[in-house]
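Have a look at the structure below, then the notes.
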Amino acid sequence: MIRFDNRVAIVTGAGGGLGRRYALDLAARGARVVVNDLGGARDGTGGSAAMAEAVVEEIRAAGGEAMAHGTSVTDEAGVADMVERAVAAWGRVDILINNAGILRDRTFSKMTLEDFRAVLEVHLMGSVICTKAVWDRMREQAYGRILMTTSSTGLYGNFGQSNYGAAKMGLVGLMKTLALEGMKYNVKVNTIAPLAATRMTEDLLPPALLERMGPETVSPAALYLVSEEAPTAVVLNAGGGGFEAAHVTLTKGIHVAPEDMTPETVAARIAEIRDRTGELVPETGAAQAQVALAAGG
């Protein structure tokens, strides 16, 4: 049985959808939970404390412990205050789920730079700011579990979501490096790619599909990835009853003599370069370089 007794968790964007489900499920398994939500619209405008407070009331009604905090994840001072309040009340922070996000979908030709930056600020920099606020505490206490949120758009692309995709793939790179840096301190960092029916996806997916994709179909993977038993540096896709692992792979490729290092060689042998037979999953960027050097003898 995975439990979170005596653990303190911060869940951002927890006023509804996936974040709410994570907060409720963590609390049901013993965690004390900070329910963070700005309470804004899907595009990030506006704000209200009501959504976060409603989830806190749900947790308390079920016998759990929770507090609300309405800061934007892009507000460094607000995030620092949120962490300090959690520590003042409960003594520590063990778990951070970076879930907050906004959407401003348009094709790249029609997208303003303001809308591009806004999405990166919330998804990518918001996760950086929240993670930075708990990182040293987790290292000092020799325990921490951090979960980033990517998406299929970040991993595989999606029409009209260049800003969202850039932010979401950026979080994978952030996670991979932090997992290495946190390893000796028992700070584990993972990423989830949810496929769920929330207000972020309600008009993007067919109704029949949405019916099978409640947040409860994603939460099991999220809770595992922030548990004591969690791995590190893992990307799990979850939703609709399915759970899969996503990897950035490396083909065996080719290695050529100096005289053949030409664009024409690449063009002539591109099918061989892209052949996925025997592909690898390097553990680090340095490992990828070692594979390339080893191939050259």
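Going by the structure tokens order, chains are called A, B, ..., each with residues numbered from 1, while ligands are numbered from 1 in the order shown.
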
Can you tell me which residues surround Arg139 (chain A) at a distance of at most 8 Å, considering only C-alpha atoms, apart from same-chain residues fewer than 6 positions away, and format the answer as an MDAnalysis selection string?
chainID A and resid 182 185:187

Would you export the selected residues with N, CA and C atoms as an mmCIF file, in the first residue's frame, please?
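Result file follows (result02.cif):
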```cif
data_model
loop_
_atom_site.group_PDB
_atom_site.id
_atom_site.type_symbol
_atom_site.label_atom_id
_atom_site.label_comp_id
_atom_site.auth_asym_id
_atom_site.auth_seq_id
_atom_site.Cartn_x
_atom_site.Cartn_y
_atom_site.Cartn_z
ATOM 1 N N GLY A 182 19.793 15.555 -8.196
ATOM 2 C CA GLY A 182 19.157 15.224 -6.923
ATOM 3 C C GLY A 182 19.418 13.820 -6.440
ATOM 4 N N TYR A 185 20.982 12.977 -3.061
ATOM 5 C CA TYR A 185 20.251 13.556 -1.931
ATOM 6 C C TYR A 185 18.880 12.902 -1.733
ATOM 7 N N ASN A 186 18.606 11.827 -2.452
ATOM 8 C CA ASN A 186 17.303 11.164 -2.403
ATOM 9 C C ASN A 186 16.177 12.105 -2.815
ATOM 10 N N VAL A 187 16.488 12.978 -3.752
ATOM 11 C CA VAL A 187 15.467 13.832 -4.365
ATOM 12 C C VAL A 187 15.218 13.272 -5.761
#
```

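When the distance limit is 9 Å and only C-alpha atoms are what count, the residues near Gly16 (chain A), minus those fewer than 2 positions from it on the same chain, are Gly13, Ala14, Leu18, Gly19, Arg20, Arg21, Asp37, Met51, Ala52, Val55, Thr198 and Arg199 of chain A.
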
I'd like the neighbourhood of Met82 (chain A) as a VMD selection string, where a residue qualifies if any of its atoms comes within 9 Å (using only C-alpha atoms), though same-chain residues fewer than 3 positions away should be ignored.
chain A and resid 10 34 36 69 to 71 77 to 79 85 to 87

According to DSSP computed on the backbone, where in region 38-89 of chain A is there strand (DSSP E or B)? Give the residues as a compact mmCIF listing (two decimals) with N, CA and C atoms, in the first residue's frame.
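Everything below was put into selection.txt:
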```txt
# COMPACT_ATOMS: atom_id res chain seq x y z
N GLU A 65 -5.93 16.99 6.08
CA GLU A 65 -5.37 18.30 6.42
C GLU A 65 -4.93 19.00 5.13
N ALA A 66 -5.32 20.25 4.99
CA ALA A 66 -4.96 20.99 3.79
C ALA A 66 -5.03 22.48 4.05
N MET A 67 -4.33 23.23 3.22
CA MET A 67 -4.44 24.69 3.23
C MET A 67 -4.45 25.16 1.79
N ALA A 68 -5.06 26.31 1.56
CA ALA A 68 -5.12 26.90 0.22
C ALA A 68 -4.08 27.99 0.07
N HIS A 69 -3.58 28.14 -1.15
CA HIS A 69 -2.70 29.28 -1.45
C HIS A 69 -2.95 29.69 -2.90
```

Determine, counting only C-alpha atoms, which protein, DNA and RNA residues have an atom within 9 Å of an atom of region 119-130 of chain A; residues of the same chain fewer than 4 positions away are not included. Present the result as a ChimeraX atom specification.
/A:12,43-44,72-76,79-80,83,96-104,114-115,134-135,148-150,163-164,166-168,170-171,174
